[in-house]
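What follows is the content of model_37.cif (mmCIF, C-alpha atoms).
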data_coords
#
loop_
_atom_site.group_PDB
_atom_site.id
_atom_site.type_symbol
_atom_site.label_atom_id
_atom_site.label_comp_id
_atom_site.auth_asym_id
_atom_site.auth_seq_id
_atom_site.Cartn_x
_atom_site.Cartn_y
_atom_site.Cartn_z
ATOM 1 C CA MET C 762 111.289 160.065 12.716
ATOM 2 C CA PHE C 763 110.243 156.435 12.401
ATOM 3 C CA GLU C 764 108.871 155.041 15.690
ATOM 4 C CA ASP C 765 111.820 152.727 16.359
ATOM 5 C CA THR C 766 110.887 151.330 19.764
ATOM 6 C CA TYR C 767 108.483 148.566 20.745
ATOM 7 C CA HIS C 768 107.338 146.894 23.969
ATOM 8 C CA THR C 769 107.424 143.262 24.988
ATOM 9 C CA ILE C 770 107.680 141.232 28.198
ATOM 10 C CA ALA C 771 110.950 140.127 29.760
ATOM 11 C CA ALA C 772 109.757 136.779 31.132
ATOM 12 C CA PRO C 773 106.631 134.602 31.477
ATOM 13 C CA SER C 774 103.920 135.873 33.834
ATOM 14 C CA LYS C 775 100.644 134.518 35.168
ATOM 15 C CA GLY C 776 97.165 135.815 36.004
ATOM 16 C CA LEU C 777 94.010 134.333 37.533
ATOM 17 C CA TYR C 778 90.268 135.028 37.525
ATOM 18 C CA LYS C 779 87.483 132.986 39.139
ATOM 19 C CA ASP C 780 83.724 133.217 38.616
ATOM 20 C CA LYS C 781 80.914 130.792 39.606
ATOM 21 C CA GLY C 782 83.306 127.884 39.997
ATOM 22 C CA SER C 783 85.067 128.476 36.664
ATOM 23 C CA LYS C 784 88.775 129.184 36.847
ATOM 24 C CA PHE C 785 90.658 131.181 34.191
ATOM 25 C CA ILE C 786 94.463 130.913 34.286
ATOM 26 C CA ALA C 787 96.256 133.427 32.034
ATOM 27 C CA LEU C 788 99.810 132.653 30.890
ATOM 28 C CA ALA C 789 101.850 135.320 29.088
ATOM 29 C CA HIS C 790 105.012 134.210 27.259
ATOM 30 C CA PRO C 791 107.637 136.157 25.299
ATOM 31 C CA VAL C 792 107.861 134.659 21.759
ATOM 32 C CA ARG C 793 109.757 135.586 18.591
ATOM 33 C CA SER C 794 108.160 133.430 15.890
ATOM 34 C CA GLU C 795 105.096 131.407 14.927
ATOM 35 C CA GLU C 796 107.154 128.232 15.547
ATOM 36 C CA GLU C 797 107.679 129.344 19.162
ATOM 37 C CA VAL C 798 103.952 130.113 19.445
ATOM 38 C CA LYS C 799 103.051 126.581 18.267
ATOM 39 C CA ALA C 800 105.573 124.936 20.596
ATOM 40 C CA LYS C 801 104.391 126.943 23.615
ATOM 41 C CA LEU C 802 100.705 126.208 22.869
ATOM 42 C CA GLU C 803 101.534 122.502 22.645
ATOM 43 C CA GLU C 804 103.374 122.664 25.968
ATOM 44 C CA VAL C 805 100.495 124.460 27.731
ATOM 45 C CA ARG C 806 97.876 122.066 26.278
ATOM 46 C CA LYS C 807 99.877 119.137 27.669
ATOM 47 C CA GLU C 808 100.393 120.753 31.073
ATOM 48 C CA TYR C 809 96.713 121.753 31.392
ATOM 49 C CA HIS C 810 95.334 118.748 29.466
ATOM 50 C CA ASP C 811 92.299 118.483 31.768
ATOM 51 C CA ALA C 812 91.118 122.059 31.053
ATOM 52 C CA ARG C 813 87.994 122.677 28.936
ATOM 53 C CA HIS C 814 89.454 125.485 26.768
ATOM 54 C CA HIS C 815 92.894 126.849 25.832
ATOM 55 C CA CYS C 816 92.086 130.240 24.274
ATOM 56 C CA TYR C 817 94.863 132.534 23.102
ATOM 57 C CA ALA C 818 96.075 135.581 21.213
ATOM 58 C CA TYR C 819 99.514 136.605 20.013
ATOM 59 C CA VAL C 820 101.243 139.531 18.339
ATOM 60 C CA LEU C 821 104.612 139.237 16.555
ATOM 61 C CA GLY C 822 107.094 141.617 14.922
ATOM 62 C CA PHE C 823 108.304 145.097 15.877
ATOM 63 C CA ASP C 824 105.604 146.438 13.521
ATOM 64 C CA LYS C 825 102.974 144.066 15.042
ATOM 65 C CA SER C 826 102.333 142.725 11.527
ATOM 66 C CA ALA C 827 101.551 139.133 12.573
ATOM 67 C CA TYR C 828 98.736 138.481 15.019
ATOM 68 C CA ARG C 829 96.012 135.962 15.692
ATOM 69 C CA TYR C 830 93.383 135.138 18.284
ATOM 70 C CA ASN C 831 91.453 131.939 18.905
ATOM 71 C CA ASP C 832 88.300 131.162 20.944
ATOM 72 C CA ASP C 833 89.046 127.403 21.136
ATOM 73 C CA GLY C 834 85.386 126.388 21.301
ATOM 74 C CA GLU C 835 84.088 129.289 23.379
ATOM 75 C CA PRO C 836 81.279 131.365 21.769
ATOM 76 C CA SER C 837 82.695 133.530 18.963
ATOM 77 C CA GLY C 838 84.257 136.788 20.171
ATOM 78 C CA THR C 839 84.136 135.938 23.900
ATOM 79 C CA ALA C 840 87.719 134.762 24.450
ATOM 80 C CA GLY C 841 90.377 135.362 21.770
ATOM 81 C CA ARG C 842 89.338 138.929 21.029
ATOM 82 C CA PRO C 843 89.290 140.113 24.701
ATOM 83 C CA ILE C 844 92.718 138.481 25.204
ATOM 84 C CA PHE C 845 94.019 140.221 22.063
ATOM 85 C CA GLY C 846 92.493 143.500 23.296
ATOM 86 C CA GLN C 847 94.678 143.384 26.408
ATOM 87 C CA LEU C 848 97.847 142.932 24.309
ATOM 88 C CA GLN C 849 96.766 145.946 22.254
ATOM 89 C CA SER C 850 95.932 148.101 25.264
ATOM 90 C CA LYS C 851 99.426 147.471 26.694
ATOM 91 C CA ASP C 852 100.920 148.073 23.202
ATOM 92 C CA LEU C 853 102.819 144.772 23.334
ATOM 93 C CA THR C 854 104.380 142.591 20.656
ATOM 94 C CA ASN C 855 106.329 139.305 20.586
ATOM 95 C CA VAL C 856 103.923 138.016 23.237
ATOM 96 C CA LEU C 857 101.668 134.946 23.362
ATOM 97 C CA LEU C 858 98.851 135.123 25.916
ATOM 98 C CA ILE C 859 96.989 131.876 26.645
ATOM 99 C CA VAL C 860 93.994 131.672 28.971
ATOM 100 C CA VAL C 861 93.189 128.171 30.222
ATOM 101 C CA ARG C 862 89.620 127.642 31.439
ATOM 102 C CA TYR C 863 88.395 125.060 33.906
ATOM 103 C CA PHE C 864 84.595 124.933 33.683
ATOM 104 C CA GLY C 865 82.792 125.241 37.008
ATOM 105 C CA GLY C 866 79.416 123.863 35.927
ATOM 106 C CA THR C 867 77.591 127.196 35.615
ATOM 107 C CA LYS C 868 77.453 129.031 32.284
ATOM 108 C CA LEU C 869 78.681 132.604 32.500
ATOM 109 C CA GLY C 870 76.962 133.998 29.395
ATOM 110 C CA VAL C 871 78.614 136.118 26.709
ATOM 111 C CA SER C 872 79.338 139.201 28.848
ATOM 112 C CA GLY C 873 80.537 137.020 31.745
ATOM 113 C CA LEU C 874 82.994 135.217 29.473
ATOM 114 C CA ILE C 875 84.306 138.448 27.948
ATOM 115 C CA THR C 876 84.882 139.869 31.449
ATOM 116 C CA ALA C 877 86.599 136.670 32.601
ATOM 117 C CA TYR C 878 89.029 136.388 29.677
ATOM 118 C CA LYS C 879 89.768 140.108 29.722
ATOM 119 C CA THR C 880 90.367 140.246 33.494
ATOM 120 C CA ALA C 881 92.573 137.132 33.617
ATOM 121 C CA SER C 882 94.632 138.521 30.710
ATOM 122 C CA ARG C 883 94.977 141.929 32.330
ATOM 123 C CA ASP C 884 96.089 140.278 35.582
ATOM 124 C CA ALA C 885 98.882 138.374 33.789
ATOM 125 C CA LEU C 886 100.135 141.498 31.999
ATOM 126 C CA GLN C 887 99.997 143.674 35.119
ATOM 127 C CA THR C 888 102.524 141.414 36.843
ATOM 128 C CA ALA C 889 104.763 141.178 33.730
ATOM 129 C CA ASP C 890 108.077 142.999 33.490
ATOM 130 C CA ILE C 891 107.607 145.189 30.376
ATOM 131 C CA LEU C 892 110.662 145.942 28.238
ATOM 132 C CA SER C 893 111.088 148.794 25.785
ATOM 133 C CA LEU C 894 113.333 147.680 22.907
ATOM 134 C CA THR C 895 114.623 149.391 19.776
ATOM 135 C CA VAL C 896 114.053 148.326 16.177
ATOM 136 C CA ASN C 897 117.520 147.640 14.752
ATOM 137 C CA ASP C 898 118.931 147.269 11.239
ATOM 138 C CA VAL C 899 121.603 144.575 10.785
ATOM 139 C CA TYR C 900 124.478 145.169 8.357
ATOM 140 C CA GLU C 901 127.542 143.266 7.221
ATOM 141 C CA LEU C 902 130.889 144.979 6.621
ATOM 142 C CA SER C 903 133.682 143.592 4.401
ATOM 143 C CA PHE C 904 137.099 145.257 4.388
ATOM 144 C CA GLU C 905 140.836 144.600 4.348
ATOM 145 C CA TYR C 906 142.744 144.469 7.633
ATOM 146 C CA PRO C 907 144.570 147.846 7.203
ATOM 147 C CA LEU C 908 141.157 149.609 7.431
ATOM 148 C CA MET C 909 140.449 148.082 10.865
ATOM 149 C CA ASN C 910 141.176 151.264 12.859
ATOM 150 C CA GLU C 911 138.862 153.416 10.742
ATOM 151 C CA VAL C 912 136.050 150.846 10.957
ATOM 152 C CA MET C 913 136.432 150.389 14.717
ATOM 153 C CA ARG C 914 136.426 154.162 15.243
ATOM 154 C CA VAL C 915 132.948 154.428 13.663
ATOM 155 C CA ILE C 916 131.745 151.438 15.704
ATOM 156 C CA LYS C 917 132.991 153.070 18.912
ATOM 157 C CA ASP C 918 131.672 156.573 17.985
ATOM 158 C CA GLU C 919 128.219 155.245 17.147
ATOM 159 C CA ASN C 920 128.141 152.704 19.991
ATOM 160 C CA LEU C 921 127.249 149.864 17.600
ATOM 161 C CA LYS C 922 126.558 146.310 18.744
ATOM 162 C CA ILE C 923 128.756 143.736 16.995
ATOM 163 C CA ASP C 924 127.031 140.375 16.423
ATOM 164 C CA GLU C 925 129.782 138.447 14.637
ATOM 165 C CA GLN C 926 133.323 139.178 13.593
ATOM 166 C CA ASP C 927 135.977 137.403 11.548
ATOM 167 C CA PHE C 928 139.287 139.261 11.392
ATOM 168 C CA GLN C 929 141.732 137.732 8.882
ATOM 169 C CA ILE C 930 143.563 139.551 6.070
ATOM 170 C CA SER C 931 140.073 140.128 4.697
ATOM 171 C CA CYS C 932 137.742 141.037 7.532
ATOM 172 C CA LYS C 933 134.012 140.636 7.966
ATOM 173 C CA LEU C 934 131.719 141.747 10.746
ATOM 174 C CA THR C 935 127.983 142.114 11.317
ATOM 175 C CA PHE C 936 126.560 144.823 13.528
ATOM 176 C CA GLN C 937 123.227 146.251 14.686
ATOM 177 C CA VAL C 938 122.238 149.900 14.612
ATOM 178 C CA ARG C 939 119.077 151.541 15.866
ATOM 179 C CA LYS C 940 116.730 152.215 12.922
ATOM 180 C CA ASN C 941 116.676 156.001 13.349
ATOM 181 C CA PHE C 942 120.505 156.167 13.175
ATOM 182 C CA SER C 943 120.824 153.619 10.373
ATOM 183 C CA LEU C 944 121.216 156.007 7.439
ATOM 184 C CA ARG C 945 123.874 158.109 9.173
ATOM 185 C CA VAL C 946 125.943 155.016 10.035
ATOM 186 C CA TYR C 947 125.475 153.567 6.549
ATOM 187 C CA GLU C 948 126.821 156.803 5.030
ATOM 188 C CA ARG C 949 129.803 156.929 7.394
ATOM 189 C CA PHE C 950 130.902 153.417 6.380
ATOM 190 C CA SER C 951 130.143 154.068 2.686
ATOM 191 C CA ASN C 952 132.506 157.058 2.824
ATOM 192 C CA ILE C 953 135.448 154.871 3.901
ATOM 193 C CA HIS C 954 137.148 153.843 0.657
ATOM 194 C CA GLY C 955 137.495 150.039 0.551
ATOM 195 C CA VAL C 956 134.667 149.216 2.964
ATOM 196 C CA LYS C 957 131.661 147.330 1.563
ATOM 197 C CA ILE C 958 128.484 147.617 3.625
ATOM 198 C CA THR C 959 125.495 145.319 3.000
ATOM 199 C CA TYR C 960 122.043 145.568 4.612
ATOM 200 C CA LEU C 961 120.936 142.140 5.957
ATOM 201 C CA LYS C 962 117.636 142.581 7.865
ATOM 202 C CA THR C 963 115.646 144.574 10.389
ATOM 203 C CA ILE C 964 114.931 143.041 13.791
#
Written as structure tokens, how would this file's structure read?
Amino acid sequence: MFEDTYHTIAAPSKGLYKDKGSKFIALAHPVRSEEEVKAKLEEVRKEYHDARHHCYAYVLGFDKSAYRYNDDGEPSGTAGRPIFGQLQSKDLTNVLLIVVRYFGGTKLGVSGLITAYKTASRDALQTADILSLTVNDVYELSFEYPLMNEVMRVIKDENLKIDEQDFQISCKLTFQVRKNFSLRVYERFSNIHGVKITYLKTI
């Protein structure tokens, strides 16, 4: 079976780490796209405009196919990668984790920085409410009104989530089905004469 679940956070959460006067504020945000990532980074940079660094990492997609990390001026490998490592260790996706640093006047060195960014990140994720979600396929159905009962029976049997519906003489509806049950549901609708089923996307 395809691994059709993934983990994300339900709401923003915050973490904190202090060392030798430097303050590291970690901010975890649920995000769905690179546009959301950019907007959230912009927002945090404005809110913490007086901070020395705004380092971050993010992972996107149920398959974790899009990710990035950024040291924002800290020595290479001391900030973005440790932040990213915490997202990986919690097996999270659709999350942006930003760590804002206020410099305290004393340099922490490479290992000190890695510890600081890692610990602040871990603190933010430990307080987060972690959600387990399913990977779903989205389909569109087209059929004539007399087939409504047969279509709705499958939807009820399979406990499918309807996203949109338009019931006229010719009916259309879009629904979501968990990836591992997708083929079975597709075949059930395909076997109803007069129903056209079209795959739209996976979310």
Per-residue nearest contacts region 858-955 of chain C to region 828-833 of chain C, cut-off 12 Å, using all atoms listed in the file, as JSON lines:
{"residue": "C:Leu858", "atom": "CA", "partner": "C:Tyr830", "partner_atom": "CA", "distance": 9.4}
{"residue": "C:Ile859", "atom": "CA", "partner": "C:Asn831", "partner_atom": "CA", "distance": 9.5}
{"residue": "C:Val860", "atom": "CA", "partner": "C:Asp832", "partner_atom": "CA", "distance": 9.9}
{"residue": "C:Val861", "atom": "CA", "partner": "C:Asp833", "partner_atom": "CA", "distance": 10.0}
{"residue": "C:Arg862", "atom": "CA", "partner": "C:Asp833", "partner_atom": "CA", "distance": 10.3}
{"residue": "C:Leu874", "atom": "CA", "partner": "C:Asp832", "partner_atom": "CA", "distance": 10.8}
{"residue": "C:Ile875", "atom": "CA", "partner": "C:Asp832", "partner_atom": "CA", "distance": 10.9}
{"residue": "C:Tyr878", "atom": "CA", "partner": "C:Asp832", "partner_atom": "CA", "distance": 10.2}
Just write the chosen residues, C-alpha atoms, as a short mmCIF file (atom, residue, chain, number, x, y, z; two decimals), keeping the file's coordinate frame.
data_model
loop_
_atom_site.label_atom_id
_atom_site.label_comp_id
_atom_site.auth_asym_id
_atom_site.auth_seq_id
_atom_site.Cartn_x
_atom_site.Cartn_y
_atom_site.Cartn_z
CA LEU C 858 98.85 135.12 25.92
CA ILE C 859 96.99 131.88 26.64
CA VAL C 860 93.99 131.67 28.97
CA VAL C 861 93.19 128.17 30.22
CA ARG C 862 89.62 127.64 31.44
CA LEU C 874 82.99 135.22 29.47
CA ILE C 875 84.31 138.45 27.95
CA TYR C 878 89.03 136.39 29.68
#
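Residues surrounding region 778-788 of chain C within 9 Å are Val805, Leu857, Leu858, Ile859, Val860, Val861, Arg862, Tyr863, Phe864, Gly865, Gly866, Thr867, Lys868, Leu869, Gly873, Ala877, Tyr878, Thr880, Ala881, Ser882, Arg883, Asp884, Ala885 and Leu886 of chain C [only C-alpha atoms; sequence separation below 6 positions excluded].
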Serialized selection, C-alpha atoms, as a CSV table (one decimal), keeping the file's coordinate frame:
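Below you can see out-v4.csv, which holds the result:
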chain,number,residue,atom,x,y,z
C,805,VAL,CA,100.5,124.5,27.7
C,857,LEU,CA,101.7,134.9,23.4
C,858,LEU,CA,98.9,135.1,25.9
C,859,ILE,CA,97.0,131.9,26.6
C,860,VAL,CA,94.0,131.7,29.0
C,861,VAL,CA,93.2,128.2,30.2
C,862,ARG,CA,89.6,127.6,31.4
C,863,TYR,CA,88.4,125.1,33.9
C,864,PHE,CA,84.6,124.9,33.7
C,865,GLY,CA,82.8,125.2,37.0
C,866,GLY,CA,79.4,123.9,35.9
C,867,THR,CA,77.6,127.2,35.6
C,868,LYS,CA,77.5,129.0,32.3
C,869,LEU,CA,78.7,132.6,32.5
C,873,GLY,CA,80.5,137.0,31.7
C,877,ALA,CA,86.6,136.7,32.6
C,878,TYR,CA,89.0,136.4,29.7
C,880,THR,CA,90.4,140.2,33.5
C,881,ALA,CA,92.6,137.1,33.6
C,882,SER,CA,94.6,138.5,30.7
C,883,ARG,CA,95.0,141.9,32.3
C,884,ASP,CA,96.1,140.3,35.6
C,885,ALA,CA,98.9,138.4,33.8
C,886,LEU,CA,100.1,141.5,32.0
message = So that I can see what lies close to Lys851 (chain C), please list as JSON, numbers by chain the residues with an atom at most 12 Å from it, counting only C-alpha atoms and leaving out residues fewer than 2 positions away in the same chain.
response = {"C": [767, 768, 769, 770, 820, 844, 845, 846, 847, 848, 849, 853, 854, 856, 882, 883, 884, 885, 886, 887, 889, 890, 891, 892, 893]}
How about saving the chosen residues, C-alpha atoms kept, as a PDB file, in the coordinates of the input?
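So again17.pdb came out as:
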ATOM      1  CA  TYR C 767     108.483 148.566  20.745  1.00  0.00           C
ATOM      2  CA  HIS C 768     107.338 146.894  23.969  1.00  0.00           C
ATOM      3  CA  THR C 769     107.424 143.262  24.988  1.00  0.00           C
ATOM      4  CA  ILE C 770     107.680 141.232  28.198  1.00  0.00           C
ATOM      5  CA  VAL C 820     101.243 139.531  18.339  1.00  0.00           C
ATOM      6  CA  ILE C 844      92.718 138.481  25.204  1.00  0.00           C
ATOM      7  CA  PHE C 845      94.019 140.221  22.063  1.00  0.00           C
ATOM      8  CA  GLY C 846      92.493 143.500  23.296  1.00  0.00           C
ATOM      9  CA  GLN C 847      94.678 143.384  26.408  1.00  0.00           C
ATOM     10  CA  LEU C 848      97.847 142.932  24.309  1.00  0.00           C
ATOM     11  CA  GLN C 849      96.766 145.946  22.254  1.00  0.00           C
ATOM     12  CA  LEU C 853     102.819 144.772  23.334  1.00  0.00           C
ATOM     13  CA  THR C 854     104.380 142.591  20.656  1.00  0.00           C
ATOM     14  CA  VAL C 856     103.923 138.016  23.237  1.00  0.00           C
ATOM     15  CA  SER C 882      94.632 138.521  30.710  1.00  0.00           C
ATOM     16  CA  ARG C 883      94.977 141.929  32.330  1.00  0.00           C
ATOM     17  CA  ASP C 884      96.089 140.278  35.582  1.00  0.00           C
ATOM     18  CA  ALA C 885      98.882 138.374  33.789  1.00  0.00           C
ATOM     19  CA  LEU C 886     100.135 141.498  31.999  1.00  0.00           C
ATOM     20  CA  GLN C 887      99.997 143.674  35.119  1.00  0.00           C
ATOM     21  CA  ALA C 889     104.763 141.178  33.730  1.00  0.00           C
ATOM     22  CA  ASP C 890     108.077 142.999  33.490  1.00  0.00           C
ATOM     23  CA  ILE C 891     107.607 145.189  30.376  1.00  0.00           C
ATOM     24  CA  LEU C 892     110.662 145.942  28.238  1.00  0.00           C
ATOM     25  CA  SER C 893     111.088 148.794  25.785  1.00  0.00           C
TER      26      SER C 893
END
Neighbour list for Glu905 (chain C) as a PyMOL selection string, cut-off 7 Å, all atoms listed in the file, skip fewer than 2 positions in-chain = chain C and resi 907-908+930-932
inquiry  = Here's the selection I'm unsure about, the PyMOL selection byres ((chain C and resi 791) around 7); applied to the file above, which residues does it give, as a PyMOL selection string?
reply    = chain C and resi 770-773+789-790+792+855-857
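Going from CA of Ser794 (chain C) over to CA of Ile923 (chain C), you cover 23.1 Å.
Coordinates place CA of Lys957 (chain C) at a distance of 9.6 Å from CA of Lys933 (chain C).
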Enclose all atoms of region 928-943 of chain C listed in the file in an axis-aligned box, grow every side by 5 Å, and hand back centre and edge lengths in Å to one decimal, as AutoDock Vina command-line options.
--center_x 130.1 --center_y 146.9 --center_z 10.3 --size_x 36.9 --size_y 28.4 --size_z 21.2
note = Between C:Arg939, C:Arg842, C:Lys879, C:Lys799, smallest distance to Thr766 (chain C) by only C-alpha atoms belongs to C:Arg939
task = Could you tell me which residues the PyMOL selection byres ((chain C and resi 901) around 7) grabs in this file, written as a ChimeraX atom specification?
result = /C:900,902-903,934-936,958-961
request  = Can you turn the PyMOL selection byres ((chain C and resi 897) around 8) into a concrete residue list for this file, as a list in words?
outcome  = Asp765, Thr895, Val896, Asp898, Val899, Gln937, Val938, Arg939, Lys940, Thr963 and Ile964 of chain C
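CA of Glu797 (chain C) is positioned 28.0 Å from CA of Gln926 (chain C).
Nearest to Leu894 (chain C) of all the residues C:Glu764, C:Tyr819, C:Thr839, C:Thr876 is C:Glu764, counting only C-alpha atoms.
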request  = Select, counting all atoms listed in the file, all protein, DNA and RNA residues no farther than 12 Å from (126.9, 157.0, 14.9) in file coordinates, and express the selection as a list in words.
outcome  = Val912, Met913, Arg914, Val915, Ile916, Lys917, Asp918, Glu919, Asn920, Leu921, Lys922, Gln937, Val938, Arg939, Lys940, Asn941, Phe942, Ser943, Leu944, Arg945, Val946, Tyr947, Glu948, Arg949 and Phe950 of chain C
Output for the residues just chosen: C-alpha atoms as a PDB file, in the frame of the given file:
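Output contents, as saved in part08.pdb:
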ATOM      1  CA  VAL C 912     136.050 150.846  10.957  1.00  0.00           C
ATOM      2  CA  MET C 913     136.432 150.389  14.717  1.00  0.00           C
ATOM      3  CA  ARG C 914     136.426 154.162  15.243  1.00  0.00           C
ATOM      4  CA  VAL C 915     132.948 154.428  13.663  1.00  0.00           C
ATOM      5  CA  ILE C 916     131.745 151.438  15.704  1.00  0.00           C
ATOM      6  CA  LYS C 917     132.991 153.070  18.912  1.00  0.00           C
ATOM      7  CA  ASP C 918     131.672 156.573  17.985  1.00  0.00           C
ATOM      8  CA  GLU C 919     128.219 155.245  17.147  1.00  0.00           C
ATOM      9  CA  ASN C 920     128.141 152.704  19.991  1.00  0.00           C
ATOM     10  CA  LEU C 921     127.249 149.864  17.600  1.00  0.00           C
ATOM     11  CA  LYS C 922     126.558 146.310  18.744  1.00  0.00           C
ATOM     12  CA  GLN C 937     123.227 146.251  14.686  1.00  0.00           C
ATOM     13  CA  VAL C 938     122.238 149.900  14.612  1.00  0.00           C
ATOM     14  CA  ARG C 939     119.077 151.541  15.866  1.00  0.00           C
ATOM     15  CA  LYS C 940     116.730 152.215  12.922  1.00  0.00           C
ATOM     16  CA  ASN C 941     116.676 156.001  13.349  1.00  0.00           C
ATOM     17  CA  PHE C 942     120.505 156.167  13.175  1.00  0.00           C
ATOM     18  CA  SER C 943     120.824 153.619  10.373  1.00  0.00           C
ATOM     19  CA  LEU C 944     121.216 156.007   7.439  1.00  0.00           C
ATOM     20  CA  ARG C 945     123.874 158.109   9.173  1.00  0.00           C
ATOM     21  CA  VAL C 946     125.943 155.016  10.035  1.00  0.00           C
ATOM     22  CA  TYR C 947     125.475 153.567   6.549  1.00  0.00           C
ATOM     23  CA  GLU C 948     126.821 156.803   5.030  1.00  0.00           C
ATOM     24  CA  ARG C 949     129.803 156.929   7.394  1.00  0.00           C
ATOM     25  CA  PHE C 950     130.902 153.417   6.380  1.00  0.00           C
TER      26      PHE C 950
END
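Closest to Phe904 (chain C) among C:Glu795, C:Asp852, C:Glu808, C:Asp927 is C:Asp927, based on only C-alpha atoms.
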Would you fill out region 806-821 of chain C with N, CA and C atoms and return it as a short mmCIF file (atom, residue, chain, number, x, y, z; two decimals), keeping the file's coordinate frame?
data_model
loop_
_atom_site.label_atom_id
_atom_site.label_comp_id
_atom_site.auth_asym_id
_atom_site.auth_seq_id
_atom_site.Cartn_x
_atom_site.Cartn_y
_atom_site.Cartn_z
N ARG C 806 98.98 123.04 26.43
CA ARG C 806 97.88 122.07 26.28
C ARG C 806 98.20 120.75 26.99
N LYS C 807 99.47 120.38 26.97
CA LYS C 807 99.88 119.14 27.67
C LYS C 807 99.81 119.35 29.17
N GLU C 808 100.35 120.48 29.62
CA GLU C 808 100.39 120.75 31.07
C GLU C 808 98.98 120.89 31.66
N TYR C 809 98.09 121.54 30.92
CA TYR C 809 96.71 121.75 31.39
C TYR C 809 95.75 120.91 30.54
N HIS C 810 96.09 119.63 30.38
CA HIS C 810 95.33 118.75 29.47
C HIS C 810 93.89 118.52 29.93
N ASP C 811 93.64 118.72 31.23
CA ASP C 811 92.30 118.48 31.77
C ASP C 811 91.41 119.74 31.72
N ALA C 812 91.92 120.83 31.14
CA ALA C 812 91.12 122.06 31.05
C ALA C 812 90.13 121.97 29.89
N ARG C 813 89.04 122.71 29.97
CA ARG C 813 87.99 122.68 28.94
C ARG C 813 88.43 123.46 27.69
N HIS C 814 89.07 124.62 27.90
CA HIS C 814 89.45 125.48 26.77
C HIS C 814 90.88 126.02 26.96
N HIS C 815 91.57 126.20 25.84
CA HIS C 815 92.89 126.85 25.83
C HIS C 815 92.81 127.98 24.79
N CYS C 816 92.28 129.11 25.19
CA CYS C 816 92.09 130.24 24.27
C CYS C 816 93.35 131.10 24.27
N TYR C 817 93.61 131.78 23.15
CA TYR C 817 94.86 132.53 23.10
C TYR C 817 94.81 133.67 22.09
N ALA C 818 95.81 134.53 22.20
CA ALA C 818 96.08 135.58 21.21
C ALA C 818 97.58 135.82 21.21
N TYR C 819 98.10 136.22 20.05
CA TYR C 819 99.51 136.60 20.01
C TYR C 819 99.72 137.73 19.02
N VAL C 820 100.81 138.48 19.25
CA VAL C 820 101.24 139.53 18.34
C VAL C 820 102.74 139.34 18.14
N LEU C 821 103.19 139.43 16.87
CA LEU C 821 104.61 139.24 16.56
C LEU C 821 105.13 140.37 15.68
#
